[in-house]
>>> print(open('my_file_22.csv').read())   # CSV, C-alpha atoms (C1' of nucleotides)
chain,number,residue,atom,x,y,z
O,15,MET,CA,15.0,-6.7,-12.3
O,16,ALA,CA,18.2,-5.8,-14.0
O,17,ILE,CA,16.4,-3.1,-15.8
O,18,PHE,CA,14.9,-1.8,-12.6
O,19,GLN,CA,18.3,-1.8,-10.9
O,20,ARG,CA,19.7,0.1,-13.8
O,21,LEU,CA,17.1,2.8,-13.5
O,22,ALA,CA,18.2,3.3,-9.9
O,23,HIS,CA,21.3,4.9,-11.3
O,24,GLY,CA,19.3,7.7,-12.8
O,25,PRO,CA,16.8,8.4,-15.6
O,26,MET,CA,17.5,6.8,-18.9
O,27,ALA,CA,16.2,6.5,-22.4
O,28,VAL,CA,15.1,3.2,-23.9
O,29,HIS,CA,17.9,2.7,-26.3
O,30,GLU,CA,20.5,3.5,-23.7
O,31,LEU,CA,18.9,0.9,-21.4
O,32,ALA,CA,18.8,-1.6,-24.2
O,33,ALA,CA,22.5,-1.2,-24.7
O,34,LEU,CA,23.2,-2.3,-21.2
O,35,VAL,CA,21.2,-5.5,-21.1
O,36,PRO,CA,21.6,-8.5,-23.3
O,37,VAL,CA,18.2,-8.2,-24.9
O,38,SER,CA,16.7,-6.3,-27.8
O,39,ARG,CA,15.2,-2.8,-27.5
O,40,PRO,CA,11.6,-3.9,-27.9
O,41,ALA,CA,12.1,-6.4,-25.1
O,42,VAL,CA,13.2,-3.6,-22.9
O,43,SER,CA,10.1,-1.6,-23.9
O,44,GLN,CA,7.9,-4.5,-22.8
O,45,HIS,CA,9.6,-4.7,-19.5
O,46,LEU,CA,9.3,-1.0,-19.0
O,47,ARG,CA,5.6,-1.3,-19.8
O,48,VAL,CA,4.9,-3.8,-17.0
O,49,LEU,CA,7.0,-1.8,-14.6
O,50,LYS,CA,5.0,1.3,-15.5
O,51,ASP,CA,1.7,-0.6,-15.1
O,52,ALA,CA,2.9,-1.7,-11.7
O,53,GLY,CA,3.5,2.0,-10.8
O,54,LEU,CA,7.2,1.5,-10.2
O,55,ILE,CA,8.5,3.9,-12.9
O,56,ARG,CA,7.3,6.9,-14.8
O,57,ASP,CA,8.1,8.1,-18.3
O,58,SER,CA,8.4,11.5,-19.9
O,59,LYS,CA,8.7,12.5,-23.5
O,60,GLU,CA,11.9,14.3,-24.3
O,61,GLY,CA,12.1,15.1,-28.0
O,62,THR,CA,12.0,11.9,-29.9
O,63,ARG,CA,13.3,10.0,-26.9
O,64,ARG,CA,11.3,8.7,-24.0
O,65,VAL,CA,13.0,8.9,-20.6
O,66,TYR,CA,12.1,6.5,-17.8
O,67,GLU,CA,12.8,7.0,-14.1
O,68,LEU,CA,11.9,5.4,-10.8
O,69,ASP,CA,8.7,6.3,-9.1
O,70,ALA,CA,9.4,6.6,-5.4
O,71,ALA,CA,5.8,6.5,-4.4
O,72,GLY,CA,5.2,3.3,-6.2
O,73,ILE,CA,8.3,1.7,-4.8
O,74,ALA,CA,7.3,2.7,-1.3
O,75,ARG,CA,3.9,1.2,-1.9
O,76,LEU,CA,5.2,-2.1,-3.0
O,77,ARG,CA,7.6,-2.1,-0.1
O,78,ALA,CA,4.8,-1.5,2.4
O,79,HIS,CA,2.9,-4.4,0.9
O,80,PHE,CA,5.8,-6.8,1.3
O,81,ASP,CA,6.5,-5.5,4.8
O,82,GLN,CA,2.9,-6.3,5.7
O,83,VAL,CA,3.3,-9.8,4.4
O,84,TRP,CA,6.5,-10.4,6.4
O,85,ASP,CA,4.9,-8.9,9.5
O,86,LYS,CA,1.9,-11.1,9.2
O,87,ALA,CA,3.9,-14.2,8.6
O,88,LEU,CA,6.3,-13.6,11.4
O,89,SER,CA,3.8,-12.6,14.0
O,90,ALA,CA,1.5,-15.5,13.2
O,91,PHE,CA,4.4,-17.8,13.3
O,92,GLN,CA,5.4,-16.9,16.8
O,93,SER,CA,1.9,-16.9,18.2
O,94,SER,CA,1.4,-20.4,16.9
O,95,ALA,CA,4.8,-21.3,18.3
O,96,GLU,CA,3.7,-20.1,21.7
O,97,LYS,CA,0.5,-22.1,21.5
O,98,ALA,CA,2.5,-25.2,20.5
O,99,THR,CA,4.6,-24.9,23.6
O,100,PRO,CA,2.5,-23.2,26.2
O,101,GLN,CA,4.9,-23.9,29.0
O,102,ASN,CA,7.8,-21.9,27.6
O,103,ASP,CA,6.0,-18.9,26.2
O,104,LYS,CA,8.1,-16.6,28.4
O,105,ALA,CA,11.2,-17.7,26.5
O,106,GLY,CA,9.6,-16.8,23.2
O,107,GLU,CA,9.7,-13.1,23.7
O,108,LYS,CA,13.3,-12.7,22.8
O,109,ASP,CA,12.8,-10.9,19.5
O,110,ASP,CA,11.1,-7.7,20.5
O,111,LYS,CA,13.2,-5.5,18.4
O,112,ARG,CA,12.6,-7.5,15.2
O,113,ARG,CA,8.9,-6.8,15.5
O,114,GLN,CA,9.5,-3.1,15.5
O,115,LYS,CA,7.9,-1.9,12.3
O,116,ARG,CA,9.9,0.1,9.9
O,117,ARG,CA,8.9,3.7,9.5
O,118,HIS,CA,8.1,5.1,6.1
O,119,SER,CA,8.3,8.6,5.0
U,5,MET,CA,2.2,-17.3,-2.3
U,6,ALA,CA,-1.2,-18.6,-1.4
U,7,ILE,CA,0.4,-21.6,0.2
U,8,PHE,CA,2.9,-19.5,2.0
U,9,GLN,CA,0.2,-17.2,3.4
U,10,ARG,CA,-1.8,-20.2,4.5
U,11,LEU,CA,1.1,-21.5,6.5
U,12,ALA,CA,1.3,-18.1,8.3
U,13,HIS,CA,-1.9,-19.2,10.1
U,14,GLY,CA,0.0,-22.1,11.7
U,15,PRO,CA,1.7,-25.4,10.9
U,16,MET,CA,-0.2,-27.7,8.6
U,17,ALA,CA,0.0,-31.1,7.0
U,18,VAL,CA,0.1,-31.5,3.2
U,19,HIS,CA,-3.3,-32.8,2.7
U,20,GLU,CA,-4.9,-30.1,4.8
U,21,LEU,CA,-3.1,-27.5,2.8
U,22,ALA,CA,-4.2,-29.1,-0.5
U,23,ALA,CA,-7.8,-28.9,0.6
U,24,LEU,CA,-7.5,-25.1,0.9
U,25,VAL,CA,-6.1,-24.4,-2.5
U,26,PRO,CA,-7.5,-25.2,-5.9
U,27,VAL,CA,-4.7,-27.5,-7.0
U,28,SER,CA,-3.9,-31.2,-6.4
U,29,ARG,CA,-1.9,-32.5,-3.5
U,30,PRO,CA,1.3,-33.3,-5.5
U,31,ALA,CA,1.3,-29.8,-6.8
U,32,VAL,CA,1.2,-28.6,-3.2
U,33,SER,CA,4.1,-30.9,-2.4
U,34,GLN,CA,6.1,-29.4,-5.2
U,35,HIS,CA,5.5,-25.9,-4.0
U,36,LEU,CA,6.5,-26.9,-0.5
U,37,ARG,CA,9.7,-28.3,-1.9
U,38,VAL,CA,10.6,-25.0,-3.5
U,39,LEU,CA,9.8,-23.1,-0.4
U,40,LYS,CA,11.8,-25.5,1.7
U,41,ASP,CA,14.8,-25.2,-0.7
U,42,ALA,CA,14.5,-21.4,-0.4
U,43,GLY,CA,14.7,-21.8,3.4
U,44,LEU,CA,11.3,-20.2,4.0
U,45,ILE,CA,9.7,-23.3,5.6
U,46,ARG,CA,10.6,-26.3,7.7
U,47,ASP,CA,9.0,-29.7,7.9
U,48,SER,CA,8.8,-32.3,10.6
U,49,LYS,CA,7.5,-35.9,10.4
U,50,GLU,CA,4.5,-36.6,12.6
U,51,GLY,CA,3.4,-40.1,12.3
U,52,THR,CA,2.4,-40.7,8.7
U,53,ARG,CA,1.9,-37.0,8.2
U,54,ARG,CA,4.4,-34.3,7.4
U,55,VAL,CA,3.8,-31.0,9.0
U,56,TYR,CA,5.2,-27.8,7.5
U,57,GLU,CA,5.7,-24.5,9.3
U,58,LEU,CA,7.3,-21.2,8.5
U,59,ASP,CA,11.0,-20.6,9.1
U,60,ALA,CA,11.3,-17.3,10.8
U,61,ALA,CA,15.1,-17.0,10.1
U,62,GLY,CA,14.6,-17.6,6.3
U,63,ILE,CA,11.8,-15.1,6.1
U,64,ALA,CA,13.9,-12.5,7.9
U,65,ARG,CA,16.7,-13.2,5.5
U,66,LEU,CA,14.5,-12.7,2.4
U,67,ARG,CA,13.0,-9.6,4.0
U,68,ALA,CA,16.5,-8.1,4.5
U,69,HIS,CA,17.3,-8.8,0.9
U,70,PHE,CA,14.2,-6.9,-0.3
U,71,ASP,CA,14.8,-4.1,2.0
U,72,GLN,CA,18.3,-3.7,0.6
U,73,VAL,CA,16.9,-3.5,-2.9
U,74,TRP,CA,14.3,-0.9,-2.0
U,75,ASP,CA,16.9,1.2,0.0
U,76,LYS,CA,19.3,1.2,-2.9
U,77,ALA,CA,16.7,2.1,-5.4
U,78,LEU,CA,15.2,4.9,-3.4
U,79,SER,CA,18.5,6.4,-2.3
U,80,ALA,CA,19.9,6.4,-5.8
U,81,PHE,CA,16.7,7.9,-7.1
U,82,GLN,CA,16.9,10.7,-4.5
U,83,SER,CA,20.4,11.6,-5.3
U,84,SER,CA,19.8,11.7,-9.0
U,85,ALA,CA,16.7,13.7,-8.5
U,86,GLU,CA,18.6,16.3,-6.6
U,87,LYS,CA,21.2,16.5,-9.2
U,88,ALA,CA,18.6,17.0,-11.9
U,89,THR,CA,17.0,19.9,-10.1
U,90,PRO,CA,19.7,21.9,-8.4
U,91,GLN,CA,17.8,25.1,-8.9
U,92,ASN,CA,15.3,25.9,-11.6
U,93,ASP,CA,15.4,23.4,-14.4
U,94,LYS,CA,13.6,25.4,-17.1
U,95,ALA,CA,16.6,27.3,-18.2
U,96,GLY,CA,19.4,25.0,-19.0
U,97,GLU,CA,17.8,21.6,-19.0
U,98,LYS,CA,16.9,21.3,-22.6
U,99,ASP,CA,20.4,22.1,-23.8
U,100,ASP,CA,22.0,19.7,-21.4
U,101,LYS,CA,19.9,16.7,-22.3
U,102,ARG,CA,20.1,17.2,-26.0
U,103,ARG,CA,23.8,17.3,-25.9
U,104,GLN,CA,24.2,13.6,-25.1
U,105,LYS,CA,22.0,12.7,-28.0
U,106,ARG,CA,23.8,9.8,-29.6
U,107,ARG,CA,27.1,9.7,-27.8
U,108,HIS,CA,26.7,6.1,-26.8
U,109,SER,CA,26.0,2.9,-28.8
J,1,DA,C1',9.8,17.2,-48.4
J,2,DC,C1',12.6,13.8,-47.1
J,3,DT,C1',15.6,11.5,-44.0
J,4,DT,C1',17.1,10.0,-39.5
J,5,DA,C1',16.6,8.8,-34.8
J,6,DC,C1',13.6,6.6,-31.3
J,7,DC,C1',10.0,4.4,-29.8
J,8,DG,C1',5.6,1.2,-28.9
J,9,DT,C1',2.9,-2.7,-30.3
J,10,DA,C1',1.7,-7.0,-32.7
J,11,DA,C1',2.6,-11.7,-34.0
J,12,DG,C1',5.1,-15.7,-33.8
J,13,DC,C1',8.2,-18.8,-31.4
J,14,DA,C1',11.2,-21.0,-27.8
J,15,DA,C1',12.0,-21.7,-23.1
J,16,DT,C1',10.2,-22.3,-18.6
J,17,DA,C1',6.9,-22.9,-15.0
J,18,DA,C1',2.8,-25.1,-13.2
J,19,DC,C1',-0.2,-28.7,-13.0
J,20,DT,C1',-2.1,-33.7,-13.3
J,21,DT,C1',-2.0,-38.6,-13.3
J,22,DA,C1',0.5,-42.6,-12.0
J,23,DC,C1',3.4,-45.0,-9.1
J,24,DG,C1',6.1,-46.5,-5.0
J,25,DG,C1',7.3,-46.1,-0.2
J,26,DT,C1',6.7,-45.5,5.0
J,27,DA,C1',4.0,-45.4,9.3
J,28,DA,C1',-0.1,-46.6,11.9
J,29,DG,C1',-4.4,-49.1,12.6
J,30,DT,C1',-6.8,-53.9,12.4
R,9,DA,C1',-0.2,-59.8,7.4
R,10,DC,C1',-3.1,-56.8,5.4
R,11,DT,C1',-5.3,-52.5,4.9
R,12,DT,C1',-5.6,-47.5,5.3
R,13,DA,C1',-3.8,-43.0,5.4
R,14,DC,C1',-0.2,-39.7,3.8
R,15,DC,C1',3.3,-38.4,1.3
R,16,DG,C1',7.3,-37.5,-2.4
R,17,DT,C1',8.8,-38.1,-7.1
R,18,DA,C1',8.7,-39.0,-12.1
R,19,DA,C1',6.8,-38.4,-16.6
R,20,DG,C1',3.9,-36.0,-19.6
R,21,DT,C1',1.0,-32.2,-20.8
R,22,DT,C1',-0.6,-27.4,-20.7
R,23,DA,C1',-0.2,-22.6,-19.6
R,24,DT,C1',2.7,-18.7,-19.1
R,25,DT,C1',6.7,-16.0,-19.8
R,26,DG,C1',10.3,-13.8,-22.4
R,27,DC,C1',12.3,-12.9,-26.5
R,28,DT,C1',12.8,-11.6,-31.6
R,29,DT,C1',11.5,-9.8,-36.0
R,30,DA,C1',8.5,-6.8,-38.5
R,31,DC,C1',5.9,-2.8,-38.8
R,32,DG,C1',3.9,1.9,-38.2
R,33,DG,C1',4.1,6.3,-36.0
R,34,DT,C1',6.0,10.8,-34.1
R,35,DA,C1',9.6,14.3,-33.4
R,36,DA,C1',13.8,16.6,-35.0
R,37,DG,C1',17.5,17.5,-38.3
R,38,DT,C1',18.6,18.7,-43.4
>>> encode(input="my_file_22.csv", output="structure tokens")
Amino acid sequence: MAIFQRLAHGPMAVHELAALVPVSRPAVSQHLRVLKDAGLIRDSKEGTRRVYELDAAGIARLRAHFDQVWDKALSAFQSSAEKATPQNDKAGEKDDKRRQKRRHS
Amino acid sequence: MAIFQRLAHGPMAVHELAALVPVSRPAVSQHLRVLKDAGLIRDSKEGTRRVYELDAAGIARLRAHFDQVWDKALSAFQSSAEKATPQNDKAGEKDDKRRQKRRHS
DNA sequence: ACTTACCGTAAGCAATAACTTACGGTAAGT
DNA sequence: ACTTACCGTAAGTTATTGCTTACGGTAAGT
């Protein structure tokens, strides 16, 4: 996470990243590897260095996945809440705006 | 996660939940404890049973936190990407990058 | 060509997380 | 009162994660 947040400030090489976190350089490489496998970052060779940067598409994808989880949880929650108290289901519609889905690019 | 998603289908008692996941009942209890400490679920005594259900406010709170992370990452990424390609980057890019070779650390 | 700078991967180890069994405790049925 | 059903917690074990050191490999400077 700390590594990910650091990359949000701009592309960086591995040894620069390693200087900013309290772990060794190979450890940073390993973190970068899982982030890359997850599609959240990309890398490019630049001389003997290897520069990593965020991958906006991958981040958007993960974000959409989480949004789906939250939406499903919240909508199912309120439908079951209505079923539990069938007499007041009119009072349960107060959060219309929260159900409004976020628009992605 | 599997336990959380199950609770999205409606409130449930512990032993019911345990029947749906491939772990023992105490393990489910421990997971529920973590989720409760995180404010994502609530529990209510119902006879000898204990029924758990999602906590909409806690979920919304976590969702907001994640949204903030994504927003920060994507916006920072965009600004740095614009700065990296103000016009055509073939001309001066190599020089610029090489210049900060071992300035740090 | 050799040396330097950077990097990824493998192997081994320590810390942590996740699970199981065992136990005790409360509420309801008989 | 006893029994049954349900549950949380503690203790101990196993699996997973996260890190370090060690090594080899490529690109650039000399």
>>> closest_atom_pairs(input="my_file_22.csv", of="chain U", to="chain J", cutoff="9 Å", atoms="only C-alpha atoms (C1' of nucleotides)", output="CSV")
residue,atom,partner,partner_atom,distance
U:Val27,CA,J:DC19,C1',7.6
U:Ser28,CA,J:DT20,C1',7.6
U:Pro30,CA,J:DT20,C1',8.5
U:Ala31,CA,J:DC19,C1',6.5
U:Gly51,CA,J:DA27,C1',6.1
U:Thr52,CA,J:DA27,C1',5.0
U:Arg53,CA,J:DA27,C1',8.7
U:Arg106,CA,J:DA5,C1',8.9
>>> closest_residue(input="my_file_22.csv", among="R:DT22, R:DT17, R:DT28, R:DT34", to="chain U", atoms="only C-alpha atoms (C1' of nucleotides)")
R:DT17
>>> interface_residues(input="my_file_22.csv", of="chain R", to="chain O", cutoff="12 Å", atoms="all atoms listed in the file", output="short mmCIF file (atom, residue, chain, number, x, y, z; two decimals) with C-alpha atoms (C1' of nucleotides), in the frame of the given file")
data_model
loop_
_atom_site.label_atom_id
_atom_site.label_comp_id
_atom_site.auth_asym_id
_atom_site.auth_seq_id
_atom_site.Cartn_x
_atom_site.Cartn_y
_atom_site.Cartn_z
"C1'" DT R 25 6.70 -16.00 -19.80
"C1'" DG R 26 10.30 -13.80 -22.40
"C1'" DC R 27 12.30 -12.90 -26.50
"C1'" DT R 28 12.80 -11.60 -31.60
"C1'" DT R 29 11.50 -9.80 -36.00
"C1'" DA R 30 8.50 -6.80 -38.50
"C1'" DG R 33 4.10 6.30 -36.00
"C1'" DT R 34 6.00 10.80 -34.10
"C1'" DA R 35 9.60 14.30 -33.40
"C1'" DA R 36 13.80 16.60 -35.00
"C1'" DG R 37 17.50 17.50 -38.30
#
>>> residues_around(input="my_file_22.csv", residues="Val28 (chain O)", least_positions_apart="5", cutoff="8 Å", atoms="all atoms listed in the file", output="list in words")
Arg39, Val42, Ser43, Arg63, Arg64, Val65 and Tyr66 of chain O; DC7 of chain J
>>> atom_distance(input="my_file_22.csv", atom1="CA of His19 (chain U)", atom2="CA of Lys86 (chain O)")
23.2 Å
>>> closest_atom_pairs(input="my_file_22.csv", of="chain U", to="chain O", cutoff="7 Å", atoms="all atoms listed in the file", output="tab-separated table")
residue	atom	partner	partner_atom	distance
U:Ala12	CA	O:Ala87	CA	4.7
U:His13	CA	O:Ala90	CA	5.9
U:Gly14	CA	O:Ser94	CA	5.6
U:Leu58	CA	O:Phe91	CA	6.6
U:Ala60	CA	O:Leu88	CA	6.2
U:Arg67	CA	O:Trp84	CA	7.0
U:Ala77	CA	O:Ala22	CA	4.9
U:Leu78	CA	O:Ala70	CA	6.4
U:Ala80	CA	O:Ala22	CA	5.4
U:Phe81	CA	O:Ala22	CA	5.6
U:Ser84	CA	O:Gly24	CA	5.5
U:Ser109	CA	O:Ala33	CA	6.8
>>> closest_residue(input="my_file_22.csv", among="O:Leu46, O:Asp51, O:Gly72, O:Ala78", to="Met26 (chain O)", atoms="all atoms listed in the file")
O:Leu46
>>> build_atoms(input="my_file_22.csv", residues="region 70-93 of chain O", atoms="N, CA, C and O atoms", output="PDB file, in the coordinates of the input")
ATOM      1  N   ALA O  70       9.208   6.935  -6.837  1.00  0.00           N
ATOM      2  CA  ALA O  70       9.400   6.600  -5.400  1.00  0.00           C
ATOM      3  C   ALA O  70       8.177   6.210  -4.700  1.00  0.00           C
ATOM      4  O   ALA O  70       8.199   5.303  -3.857  1.00  0.00           O
ATOM      5  N   ALA O  71       7.064   6.836  -5.048  1.00  0.00           N
ATOM      6  CA  ALA O  71       5.800   6.500  -4.400  1.00  0.00           C
ATOM      7  C   ALA O  71       5.413   5.059  -4.628  1.00  0.00           C
ATOM      8  O   ALA O  71       4.998   4.335  -3.718  1.00  0.00           O
ATOM      9  N   GLY O  72       5.538   4.653  -5.879  1.00  0.00           N
ATOM     10  CA  GLY O  72       5.200   3.300  -6.200  1.00  0.00           C
ATOM     11  C   GLY O  72       6.056   2.278  -5.522  1.00  0.00           C
ATOM     12  O   GLY O  72       5.580   1.248  -5.048  1.00  0.00           O
ATOM     13  N   ILE O  73       7.341   2.590  -5.469  1.00  0.00           N
ATOM     14  CA  ILE O  73       8.300   1.700  -4.800  1.00  0.00           C
ATOM     15  C   ILE O  73       7.926   1.575  -3.318  1.00  0.00           C
ATOM     16  O   ILE O  73       7.888   0.475  -2.754  1.00  0.00           O
ATOM     17  N   ALA O  74       7.628   2.713  -2.705  1.00  0.00           N
ATOM     18  CA  ALA O  74       7.300   2.700  -1.300  1.00  0.00           C
ATOM     19  C   ALA O  74       6.002   1.874  -1.066  1.00  0.00           C
ATOM     20  O   ALA O  74       5.876   1.159  -0.071  1.00  0.00           O
ATOM     21  N   ARG O  75       5.109   1.961  -2.023  1.00  0.00           N
ATOM     22  CA  ARG O  75       3.900   1.200  -1.900  1.00  0.00           C
ATOM     23  C   ARG O  75       4.114  -0.288  -1.941  1.00  0.00           C
ATOM     24  O   ARG O  75       3.593  -1.057  -1.123  1.00  0.00           O
ATOM     25  N   LEU O  76       4.928  -0.701  -2.883  1.00  0.00           N
ATOM     26  CA  LEU O  76       5.200  -2.100  -3.000  1.00  0.00           C
ATOM     27  C   LEU O  76       5.991  -2.599  -1.744  1.00  0.00           C
ATOM     28  O   LEU O  76       5.730  -3.678  -1.211  1.00  0.00           O
ATOM     29  N   ARG O  77       6.882  -1.753  -1.292  1.00  0.00           N
ATOM     30  CA  ARG O  77       7.600  -2.100  -0.100  1.00  0.00           C
ATOM     31  C   ARG O  77       6.738  -2.287   1.108  1.00  0.00           C
ATOM     32  O   ARG O  77       6.887  -3.239   1.876  1.00  0.00           O
ATOM     33  N   ALA O  78       5.774  -1.393   1.235  1.00  0.00           N
ATOM     34  CA  ALA O  78       4.800  -1.500   2.400  1.00  0.00           C
ATOM     35  C   ALA O  78       4.042  -2.786   2.272  1.00  0.00           C
ATOM     36  O   ALA O  78       3.788  -3.453   3.279  1.00  0.00           O
ATOM     37  N   HIS O  79       3.681  -3.142   1.047  1.00  0.00           N
ATOM     38  CA  HIS O  79       2.900  -4.400   0.900  1.00  0.00           C
ATOM     39  C   HIS O  79       3.713  -5.580   1.337  1.00  0.00           C
ATOM     40  O   HIS O  79       3.204  -6.424   2.084  1.00  0.00           O
ATOM     41  N   PHE O  80       4.973  -5.638   0.914  1.00  0.00           N
ATOM     42  CA  PHE O  80       5.800  -6.800   1.300  1.00  0.00           C
ATOM     43  C   PHE O  80       6.026  -6.757   2.834  1.00  0.00           C
ATOM     44  O   PHE O  80       5.955  -7.800   3.484  1.00  0.00           O
ATOM     45  N   ASP O  81       6.265  -5.580   3.382  1.00  0.00           N
ATOM     46  CA  ASP O  81       6.500  -5.500   4.800  1.00  0.00           C
ATOM     47  C   ASP O  81       5.267  -6.086   5.572  1.00  0.00           C
ATOM     48  O   ASP O  81       5.410  -6.788   6.567  1.00  0.00           O
ATOM     49  N   GLN O  82       4.106  -5.797   5.031  1.00  0.00           N
ATOM     50  CA  GLN O  82       2.900  -6.300   5.700  1.00  0.00           C
ATOM     51  C   GLN O  82       2.870  -7.833   5.621  1.00  0.00           C
ATOM     52  O   GLN O  82       2.506  -8.488   6.604  1.00  0.00           O
ATOM     53  N   VAL O  83       3.266  -8.379   4.479  1.00  0.00           N
ATOM     54  CA  VAL O  83       3.300  -9.800   4.400  1.00  0.00           C
ATOM     55  C   VAL O  83       4.278 -10.429   5.360  1.00  0.00           C
ATOM     56  O   VAL O  83       3.956 -11.386   6.067  1.00  0.00           O
ATOM     57  N   TRP O  84       5.467  -9.858   5.440  1.00  0.00           N
ATOM     58  CA  TRP O  84       6.500 -10.400   6.400  1.00  0.00           C
ATOM     59  C   TRP O  84       5.969 -10.287   7.804  1.00  0.00           C
ATOM     60  O   TRP O  84       6.071 -11.231   8.587  1.00  0.00           O
ATOM     61  N   ASP O  85       5.426  -9.124   8.149  1.00  0.00           N
ATOM     62  CA  ASP O  85       4.900  -8.900   9.500  1.00  0.00           C
ATOM     63  C   ASP O  85       3.888  -9.956   9.872  1.00  0.00           C
ATOM     64  O   ASP O  85       3.932 -10.566  10.933  1.00  0.00           O
ATOM     65  N   LYS O  86       2.954 -10.132   8.962  1.00  0.00           N
ATOM     66  CA  LYS O  86       1.900 -11.100   9.200  1.00  0.00           C
ATOM     67  C   LYS O  86       2.418 -12.472   9.405  1.00  0.00           C
ATOM     68  O   LYS O  86       2.026 -13.198  10.320  1.00  0.00           O
ATOM     69  N   ALA O  87       3.326 -12.833   8.515  1.00  0.00           N
ATOM     70  CA  ALA O  87       3.900 -14.200   8.600  1.00  0.00           C
ATOM     71  C   ALA O  87       4.634 -14.395   9.894  1.00  0.00           C
ATOM     72  O   ALA O  87       4.419 -15.388  10.589  1.00  0.00           O
ATOM     73  N   LEU O  88       5.484 -13.443  10.235  1.00  0.00           N
ATOM     74  CA  LEU O  88       6.300 -13.600  11.400  1.00  0.00           C
ATOM     75  C   LEU O  88       5.493 -13.574  12.705  1.00  0.00           C
ATOM     76  O   LEU O  88       5.726 -14.359  13.628  1.00  0.00           O
ATOM     77  N   SER O  89       4.548 -12.680  12.780  1.00  0.00           N
ATOM     78  CA  SER O  89       3.800 -12.600  14.000  1.00  0.00           C
ATOM     79  C   SER O  89       2.896 -13.813  14.186  1.00  0.00           C
ATOM     80  O   SER O  89       2.796 -14.370  15.278  1.00  0.00           O
ATOM     81  N   ALA O  90       2.277 -14.260  13.112  1.00  0.00           N
ATOM     82  CA  ALA O  90       1.500 -15.500  13.200  1.00  0.00           C
ATOM     83  C   ALA O  90       2.322 -16.664  13.537  1.00  0.00           C
ATOM     84  O   ALA O  90       1.913 -17.555  14.277  1.00  0.00           O
ATOM     85  N   PHE O  91       3.512 -16.666  13.014  1.00  0.00           N
ATOM     86  CA  PHE O  91       4.400 -17.800  13.300  1.00  0.00           C
ATOM     87  C   PHE O  91       4.710 -17.870  14.785  1.00  0.00           C
ATOM     88  O   PHE O  91       4.626 -18.926  15.390  1.00  0.00           O
ATOM     89  N   GLN O  92       5.016 -16.736  15.392  1.00  0.00           N
ATOM     90  CA  GLN O  92       5.400 -16.900  16.800  1.00  0.00           C
ATOM     91  C   GLN O  92       4.235 -17.048  17.720  1.00  0.00           C
ATOM     92  O   GLN O  92       4.372 -17.658  18.771  1.00  0.00           O
ATOM     93  N   SER O  93       3.080 -16.585  17.319  1.00  0.00           N
ATOM     94  CA  SER O  93       1.900 -16.900  18.200  1.00  0.00           C
ATOM     95  C   SER O  93       1.557 -18.336  18.116  1.00  0.00           C
ATOM     96  O   SER O  93       1.183 -18.921  19.127  1.00  0.00           O
TER      97      SER O  93
END
